[in-house]
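> File name final.txt; file contents compact mmCIF, C-alpha atoms; full text below.
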```txt
# COMPACT_ATOMS: atom_id res chain seq x y z
CA MET A 1 157.87 121.41 196.51
CA THR A 2 155.08 120.78 193.98
CA LEU A 3 154.36 123.83 191.82
CA ARG A 4 151.15 123.84 189.79
CA THR A 5 150.39 125.78 186.62
CA GLY A 6 146.95 124.31 185.96
CA PHE A 7 144.51 121.49 186.75
CA THR A 8 142.80 118.73 184.82
CA GLU A 9 139.01 118.38 184.96
CA GLY A 10 137.99 116.63 188.18
CA GLU A 11 141.10 117.49 190.20
CA VAL A 12 140.71 119.40 193.46
CA CYS A 13 142.11 122.74 192.41
CA TRP A 14 141.30 125.16 195.21
CA THR A 15 140.03 125.62 198.73
CA ASP A 16 139.02 128.70 200.66
CA LEU A 17 137.72 129.58 204.11
CA GLN A 18 134.54 131.55 204.71
CA THR A 19 134.70 132.90 208.25
CA SER A 20 133.05 135.32 210.64
CA ASP A 21 136.33 137.11 211.46
CA VAL A 22 138.92 137.40 208.70
CA ALA A 23 141.46 139.31 210.80
CA ALA A 24 141.41 136.75 213.64
CA ALA A 25 141.61 133.87 211.17
CA LYS A 26 144.67 135.43 209.54
CA ASP A 27 146.45 135.56 212.90
CA PHE A 28 145.57 131.94 213.65
CA TYR A 29 146.57 130.40 210.33
CA ALA A 30 149.76 132.44 210.15
CA ALA A 31 150.73 130.91 213.50
CA VAL A 32 149.95 127.36 212.33
CA PHE A 33 151.19 127.37 208.72
CA GLY A 34 153.38 130.45 208.39
CA TRP A 35 151.19 131.96 205.69
CA ARG A 36 151.62 135.61 204.80
CA PHE A 37 148.61 137.58 203.66
CA GLU A 38 147.66 140.28 201.21
CA ASP A 39 144.27 141.96 201.69
CA ARG A 40 141.95 142.59 198.75
CA PRO A 41 138.63 144.49 198.68
CA THR A 42 135.28 142.77 198.23
CA PRO A 43 132.47 144.39 196.18
CA ASP A 44 130.52 145.19 199.39
CA GLY A 45 133.36 147.20 200.89
CA ARG A 46 134.82 144.54 203.15
CA SER A 47 138.06 142.66 202.42
CA TYR A 48 139.35 139.14 201.95
CA ALA A 49 142.88 137.87 202.44
CA GLN A 50 145.01 135.97 199.97
CA ALA A 51 147.35 133.50 201.70
CA PHE A 52 150.82 132.87 200.32
CA LEU A 53 153.65 130.43 200.83
CA GLY A 54 156.57 132.56 199.78
CA ASP A 55 155.34 134.16 196.55
CA ASP A 56 152.83 131.42 195.75
CA LEU A 57 149.09 131.80 196.36
CA VAL A 58 147.73 128.77 198.22
CA THR A 59 144.30 129.78 199.56
CA VAL A 60 141.97 132.64 200.52
CA ILE A 61 140.28 133.64 203.77
CA ALA A 62 137.02 135.44 202.99
CA PRO A 63 134.21 136.95 205.05
CA GLN A 64 130.94 135.09 205.32
CA ASN A 65 128.11 136.64 203.36
CA PRO A 66 125.41 138.59 205.26
CA HIS A 67 122.98 135.66 205.15
CA GLN A 68 125.56 133.33 206.73
CA LEU A 69 126.45 135.91 209.39
CA ALA A 70 122.81 136.60 210.25
CA GLY A 71 122.07 132.89 210.53
CA GLY A 72 125.10 132.15 212.70
CA ALA A 73 126.55 129.72 210.15
CA GLN A 74 129.72 127.96 211.23
CA PRO A 75 132.80 129.03 209.29
CA GLN A 76 133.84 126.38 206.80
CA TRP A 77 136.53 125.40 204.37
CA ASN A 78 135.22 125.00 200.81
CA VAL A 79 136.61 122.55 198.24
CA TYR A 80 136.58 123.22 194.48
CA PHE A 81 136.97 120.81 191.58
CA ALA A 82 138.40 121.99 188.26
CA ALA A 83 135.72 122.22 185.54
CA PRO A 84 136.24 123.30 181.92
CA ASP A 85 132.68 124.69 181.64
CA ALA A 86 130.88 125.71 184.83
CA GLY A 87 127.65 126.43 182.99
CA GLU A 88 127.49 122.99 181.42
CA LEU A 89 128.31 121.39 184.77
CA ALA A 90 125.45 123.29 186.44
CA GLU A 91 123.01 122.07 183.79
CA ASN A 92 124.11 118.44 184.19
CA LEU A 93 123.97 118.26 188.00
CA VAL A 94 120.31 117.37 188.29
CA HIS A 95 120.68 114.44 185.88
CA ALA A 96 123.29 112.97 188.22
CA GLY A 97 121.13 113.39 191.32
CA GLY A 98 122.78 116.57 192.59
CA ALA A 99 121.39 119.98 193.51
CA LEU A 100 122.58 123.39 192.31
CA GLU A 101 123.15 125.72 195.26
CA PHE A 102 124.76 128.81 193.68
CA GLY A 103 125.91 130.09 190.32
CA PRO A 104 127.36 129.85 187.81
CA GLU A 105 128.81 133.25 188.63
CA ALA A 106 131.83 134.97 187.10
CA VAL A 107 134.32 136.37 189.60
CA ALA A 108 135.67 139.28 187.56
CA ASP A 109 138.19 137.79 185.13
CA THR A 110 139.54 135.21 187.59
CA GLY A 111 137.06 132.44 186.72
CA VAL A 112 133.52 131.13 187.11
CA MET A 113 132.29 129.38 190.25
CA VAL A 114 129.43 127.00 190.98
CA PHE A 115 128.35 125.51 194.29
CA PHE A 116 126.35 122.30 194.34
CA ALA A 117 125.54 119.33 196.56
CA PRO A 118 125.86 115.65 195.65
CA PRO A 119 123.29 113.12 196.90
CA GLY A 120 123.47 113.07 200.70
CA GLY A 121 124.60 116.71 200.87
CA GLY A 122 127.98 118.36 201.27
CA THR A 123 128.36 121.77 199.62
CA THR A 124 130.96 121.43 196.85
CA GLY A 125 132.54 124.01 194.58
CA ALA A 126 133.55 123.83 190.94
CA TRP A 127 135.91 126.33 189.35
CA GLN A 128 136.27 127.21 185.68
CA ALA A 129 139.65 128.87 185.46
CA GLY A 130 140.16 132.34 184.10
CA SER A 131 143.21 134.26 185.24
CA HIS A 132 143.18 132.17 188.44
CA PHE A 133 143.59 128.41 187.97
CA GLY A 134 143.80 127.37 191.62
CA THR A 135 146.41 126.74 194.27
CA ALA A 136 149.99 127.22 193.13
CA ARG A 137 151.38 124.56 195.47
CA GLY A 138 150.14 121.27 196.83
CA GLY A 139 151.17 118.16 198.72
CA GLU A 140 153.65 119.94 200.96
CA ALA A 141 153.88 121.75 204.28
CA GLY A 142 151.50 124.70 204.36
CA ALA A 143 149.56 123.60 201.28
CA LEU A 144 146.47 121.51 200.62
CA THR A 145 147.38 117.82 200.63
CA TRP A 146 144.02 116.00 200.65
CA ALA A 147 140.25 116.49 200.73
CA GLU A 148 137.49 114.05 201.58
CA LEU A 149 133.73 114.13 201.63
CA LEU A 150 132.03 112.62 204.68
CA THR A 151 128.47 111.75 203.74
CA PRO A 152 125.56 109.55 204.83
CA GLU A 153 125.28 108.34 201.22
CA PRO A 154 128.85 107.54 200.13
CA GLN A 155 128.01 105.22 197.24
CA ALA A 156 125.48 107.65 195.78
CA ALA A 157 128.05 110.44 196.07
CA VAL A 158 130.69 108.32 194.32
CA GLY A 159 128.31 107.65 191.43
CA PHE A 160 127.50 111.34 191.22
CA PHE A 161 131.14 112.41 190.88
CA GLN A 162 131.77 109.69 188.32
CA HIS A 163 128.86 111.00 186.26
CA VAL A 164 129.77 114.69 186.54
CA PHE A 165 133.57 114.56 186.25
CA GLY A 166 134.29 111.10 184.86
CA HIS A 167 136.34 110.02 187.87
CA ASP A 168 137.72 106.54 188.13
CA VAL A 169 137.31 105.05 191.61
CA THR A 170 139.36 102.86 193.94
CA GLU A 171 137.69 101.32 197.00
CA TYR A 172 139.39 100.35 200.25
CA PRO A 173 137.55 98.11 202.76
CA GLN A 174 137.35 99.51 206.29
CA ASP A 175 137.45 97.71 209.63
CA ASP A 176 133.80 98.64 210.31
CA GLY A 177 132.65 96.89 207.12
CA GLY A 178 132.31 100.07 205.10
CA LYS A 179 134.40 101.38 202.23
CA TYR A 180 136.68 104.35 201.70
CA SER A 181 136.45 105.41 198.05
CA THR A 182 138.98 107.57 196.27
CA LEU A 183 138.23 109.61 193.17
CA MET A 184 140.94 109.35 190.54
CA VAL A 185 142.09 111.43 187.57
CA ASP A 186 144.64 109.94 185.17
CA GLY A 187 145.50 107.24 187.69
CA VAL A 188 146.10 109.65 190.57
CA GLU A 189 143.90 109.81 193.67
CA VAL A 190 142.49 113.32 194.05
CA ALA A 191 139.86 113.08 196.83
CA GLY A 192 138.16 110.65 199.17
CA ILE A 193 134.53 109.80 199.96
CA ALA A 194 133.35 107.91 203.03
CA ALA A 195 130.71 107.74 205.73
CA VAL A 196 131.38 109.69 208.91
CA PRO A 197 133.42 107.27 211.07
CA ALA A 198 131.31 105.82 213.86
CA ASP A 199 133.84 106.90 216.48
CA ALA A 200 133.76 110.51 215.20
CA GLU A 201 130.02 111.07 214.78
CA ASP A 202 129.96 113.40 217.80
CA THR A 203 132.93 115.37 216.43
CA LEU A 204 132.74 115.55 212.65
CA LYS A 205 129.75 116.68 210.63
CA PRO A 206 128.98 115.50 207.10
CA GLY A 207 130.67 117.67 204.48
CA TRP A 208 134.11 118.27 203.07
CA GLN A 209 137.18 117.87 205.24
CA VAL A 210 140.41 119.58 204.16
CA TYR A 211 143.94 118.47 205.04
CA PHE A 212 146.97 120.74 205.03
CA GLY A 213 150.52 119.46 205.14
CA VAL A 214 152.81 120.13 208.09
CA PRO A 215 156.37 118.99 208.86
CA SER A 216 155.29 117.95 212.38
CA VAL A 217 151.73 117.30 213.52
CA ALA A 218 152.74 117.67 217.16
CA GLU A 219 154.21 121.11 216.51
CA ALA A 220 151.22 122.17 214.40
CA VAL A 221 148.79 121.10 217.13
CA ALA A 222 150.79 122.99 219.75
CA ALA A 223 150.82 126.11 217.54
CA ALA A 224 147.07 125.83 216.92
CA VAL A 225 146.26 125.47 220.62
CA GLY A 226 148.59 128.33 221.46
CA ALA A 227 146.76 130.52 218.93
CA GLY A 228 143.34 129.72 220.40
CA GLY A 229 142.38 126.65 218.41
CA THR A 230 140.81 123.42 219.62
CA VAL A 231 141.86 119.81 219.10
CA LEU A 232 138.87 117.81 217.85
CA ILE A 233 140.67 114.54 217.13
CA GLU A 234 144.06 113.89 218.71
CA ALA A 235 147.05 113.05 216.55
CA ASP A 236 146.82 109.51 215.19
CA ASP A 237 149.09 107.49 212.94
CA ALA A 238 146.78 106.30 210.15
CA GLU A 239 148.10 103.15 208.49
CA GLU A 240 147.97 104.45 204.91
CA ALA A 241 147.99 108.24 205.24
CA GLY A 242 150.43 108.98 208.05
CA THR A 243 150.03 111.11 211.16
CA ILE A 244 146.85 113.22 211.22
CA ALA A 245 145.09 115.50 213.70
CA THR A 246 141.80 117.38 213.28
CA LEU A 247 141.47 120.91 214.64
CA ALA A 248 139.08 123.84 214.82
CA ASP A 249 140.17 127.45 214.51
CA PRO A 250 138.89 129.96 217.11
CA GLN A 251 135.87 130.83 214.94
CA GLY A 252 134.94 127.16 214.43
CA GLY A 253 136.42 126.37 211.01
CA VAL A 254 137.39 122.66 210.97
CA PHE A 255 140.51 121.35 209.21
CA SER A 256 143.06 118.59 209.54
CA VAL A 257 146.84 118.55 209.46
CA LEU A 258 148.78 115.74 207.82
CA GLU A 259 152.49 115.15 208.35
CA VAL A 260 154.38 115.33 205.05
```
Any chance you could put this one into structure tokens?

Amino acid sequence: MTLRTGFTEGEVCWTDLQTSDVAAAKDFYAAVFGWRFEDRPTPDGRSYAQAFLGDDLVTVIAPQNPHQLAGGAQPQWNVYFAAPDAGELAENLVHAGGALEFGPEAVADTGVMVFFAPPGGGTTGAWQAGSHFGTARGGEAGALTWAELLTPEPQAAVGFFQHVFGHDVTEYPQDDGGKYSTLMVDGVEVAGIAAVPADAEDTLKPGWQVYFGVPSVAEAVAAAVGAGGTVLIEADDAEEAGTIATLADPQGGVFSVLEV
């Protein structure tokens, strides 16, 4: 078990799901990961759900905003990078070729959030910690284990993150002639960036992909299907990462499971 008490600038510190049906999503993810939930009110009178492993907060399931609901937006998992100053980050985005999409906005005393897009797109969050620093656990069953950005402009995106967060980068050649780049903080890989794989272009859309740990991919897939989910990419034993499968929840939120 890896317990966290804080995050360094440029680390992936948090992820949350924006969905069209919070109650249904709770049932689904409880079946797959064993999360327990505590409901909290939103300012507009609805509620969001905090997800826990034991007593440790690992993610949130939140309702889509009215604009997303009216437009029929697909539910999605968001990825957040730790940032010491969300306001300064927002001001610097344009100089790195990015686009500010939302914020900075304080979320009560919990922190300040910003949403932005790197070159090539892919909505990305940044989080300036207040009372909430991010996920309490990582790299284990039921917790976030990896995140990667699939983009039509991977090299431009890599340069953007280097400029904004100061990431070091490691590149791995791929069989199709492309590269898989990893963003690094203090010598540790924290996220990946790559083009959408040619054999998955009909399945995966550009944007962030989140991976949650499971003790058995086969059992997680069976639980997801039994709870109404869909298998998008069958379980595969990736040479470096291990066994992975990509799934969609009943509302359409896409995520992957990684055997840990």
> Check the smallest atom-to-atom distance from each of A:Asp199, A:Phe81, A:Glu105, A:Ser256 to Phe161 (chain A) using all atoms listed in the file, then report the winner.
A:Phe81
> Take CA of Ala106 (chain A) and CA of Asp44 (chain A) and report the distance between them in Å, one decimal.
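These atoms are spaced 16.0 Å apart.
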> May I ask for the distance between CA of Ala86 (chain A) and CA of Ser181 (chain A), given in Å to one decimal place?
24.9 Å
> What's the separation between CA of Thr203 (chain A) and CA of Gly139 (chain A), in Å to one decimal place?
25.6 Å
> Go through A:Pro118, A:Gly6, A:Gly177, A:Pro75 one by one, measure the shortest atom-to-atom distance of each to Ala198 (chain A) using all atoms listed in the file, and give the residue with the smallest value.
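Of the candidates, the smallest distance to Ala198 (chain A) is held by A:Gly177.
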> Check the smallest atom-to-atom distance from each of A:Pro173, A:Gly252, A:Pro66, A:Gly54 to Ala143 (chain A) using all atoms listed in the file, then report the winner.
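Answer, going by the shortest atom-to-atom distance: A:Gly54.
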> From the list A:Val107, A:Ala90, A:Ala195, A:Ala248, which residue is nearest Val158 (chain A) when using all atoms listed in the file?
A:Ala195
> Point out the residue among A:Ile193, A:Ala108, A:Ala23, A:Val12 with the least atom-to-atom distance to Gly122 (chain A), counting all atoms listed in the file.
A:Ile193
> With a distance cut-off of 8 Å and only C-alpha atoms, select the neighbouring residues of region 214-223 of chain A, excluding the residue or stretch itself and same-chain residues fewer than 4 positions from it, and output the selection as number ranges by chain.
A: 31-33, 140-142, 227, 231, 235, 243-245, 247, 257-260
> So which one's closest to Thr15 (chain A), A:Asn92, A:Thr145, A:Asn78, A:Thr170? Using all atoms listed in the file, please.
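When distances to Thr15 (chain A) are compared using all atoms listed in the file, the smallest one comes from A:Asn78.
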> List as a ChimeraX atom specification: which residues have an atom within 10 Å of (130.5, 117.3, 183.8), counting only C-alpha atoms?
/A:9-10,83-93,96,160-166
> Could you please take those selected residues and save C-alpha atoms as an mmCIF file, in the coordinates of the input?

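Written out: again-v3.cif:
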```cif
data_model
loop_
_atom_site.group_PDB
_atom_site.id
_atom_site.type_symbol
_atom_site.label_atom_id
_atom_site.label_comp_id
_atom_site.auth_asym_id
_atom_site.auth_seq_id
_atom_site.Cartn_x
_atom_site.Cartn_y
_atom_site.Cartn_z
ATOM 1 C CA GLU A 9 139.010 118.380 184.960
ATOM 2 C CA GLY A 10 137.990 116.630 188.180
ATOM 3 C CA ALA A 83 135.720 122.220 185.540
ATOM 4 C CA PRO A 84 136.240 123.300 181.920
ATOM 5 C CA ASP A 85 132.680 124.690 181.640
ATOM 6 C CA ALA A 86 130.880 125.710 184.830
ATOM 7 C CA GLY A 87 127.650 126.430 182.990
ATOM 8 C CA GLU A 88 127.490 122.990 181.420
ATOM 9 C CA LEU A 89 128.310 121.390 184.770
ATOM 10 C CA ALA A 90 125.450 123.290 186.440
ATOM 11 C CA GLU A 91 123.010 122.070 183.790
ATOM 12 C CA ASN A 92 124.110 118.440 184.190
ATOM 13 C CA LEU A 93 123.970 118.260 188.000
ATOM 14 C CA ALA A 96 123.290 112.970 188.220
ATOM 15 C CA PHE A 160 127.500 111.340 191.220
ATOM 16 C CA PHE A 161 131.140 112.410 190.880
ATOM 17 C CA GLN A 162 131.770 109.690 188.320
ATOM 18 C CA HIS A 163 128.860 111.000 186.260
ATOM 19 C CA VAL A 164 129.770 114.690 186.540
ATOM 20 C CA PHE A 165 133.570 114.560 186.250
ATOM 21 C CA GLY A 166 134.290 111.100 184.860
#
```
> Fewer than 5 positions away in the same chain doesn't count, so skip those; otherwise give me all residues within 12 Å of Leu53 (chain A), counting all atoms listed in the file, as a list in words.
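Those residues are Met1, Thr2, Leu3, Tyr29, Ala30, Phe33, Gly34, Trp35, Arg36, Phe37, Glu38, Val58, Thr59, Val60, Thr135, Ala136, Arg137, Gly138, Glu140, Ala141, Gly142, Ala143 and Leu144 of chain A.
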> Excluding Lys205 (chain A) and any residue of its chain fewer than 3 positions from it, enumerate the residues within 10 Å of it, using only C-alpha atoms, and give them as a list in words.
Gly122, Leu150, Thr151, Val196, Ala200, Glu201, Asp202, Trp208, Gln209 and Val254 of chain A
> Can I get the selected residues back with C-alpha atoms, as a PDB file, keeping the file's coordinate frame?

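Result file selection-v3.pdb:
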```pdb
ATOM      1  CA  GLY A 122     127.980 118.360 201.270  1.00  0.00           C
ATOM      2  CA  LEU A 150     132.030 112.620 204.680  1.00  0.00           C
ATOM      3  CA  THR A 151     128.470 111.750 203.740  1.00  0.00           C
ATOM      4  CA  VAL A 196     131.380 109.690 208.910  1.00  0.00           C
ATOM      5  CA  ALA A 200     133.760 110.510 215.200  1.00  0.00           C
ATOM      6  CA  GLU A 201     130.020 111.070 214.780  1.00  0.00           C
ATOM      7  CA  ASP A 202     129.960 113.400 217.800  1.00  0.00           C
ATOM      8  CA  TRP A 208     134.110 118.270 203.070  1.00  0.00           C
ATOM      9  CA  GLN A 209     137.180 117.870 205.240  1.00  0.00           C
ATOM     10  CA  VAL A 254     137.390 122.660 210.970  1.00  0.00           C
TER      11      VAL A 254
END
```
> Can you pull out every residue within 7 Å of Val185 (chain A), counting all atoms listed in the file, but drop anything in the same chain fewer than 4 positions away, and send it as a list of chain:residue names?
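Residues near the query, excluding close chain neighbours: A:Gly10, A:Glu11, A:His167, A:Asp168, A:Glu189, A:Val190.
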> So that I can check the surroundings of Leu17 (chain A), please list as a count of residues only every protein, DNA and RNA residue that reaches within 12 Å of it, counting all atoms listed in the file and ignoring chain neighbours fewer than 2 positions away.
37
> Once 5 Å is added on each side, what centre and edge lengths in Å to one decimal does the axis-aligned box around all listed atoms of region 182-187 of chain A have, as JSON?

```
{"center_x": 141.9, "center_y": 109.3, "center_z": 190.7, "size_x": 17.3, "size_y": 14.2, "size_z": 21.1}
```
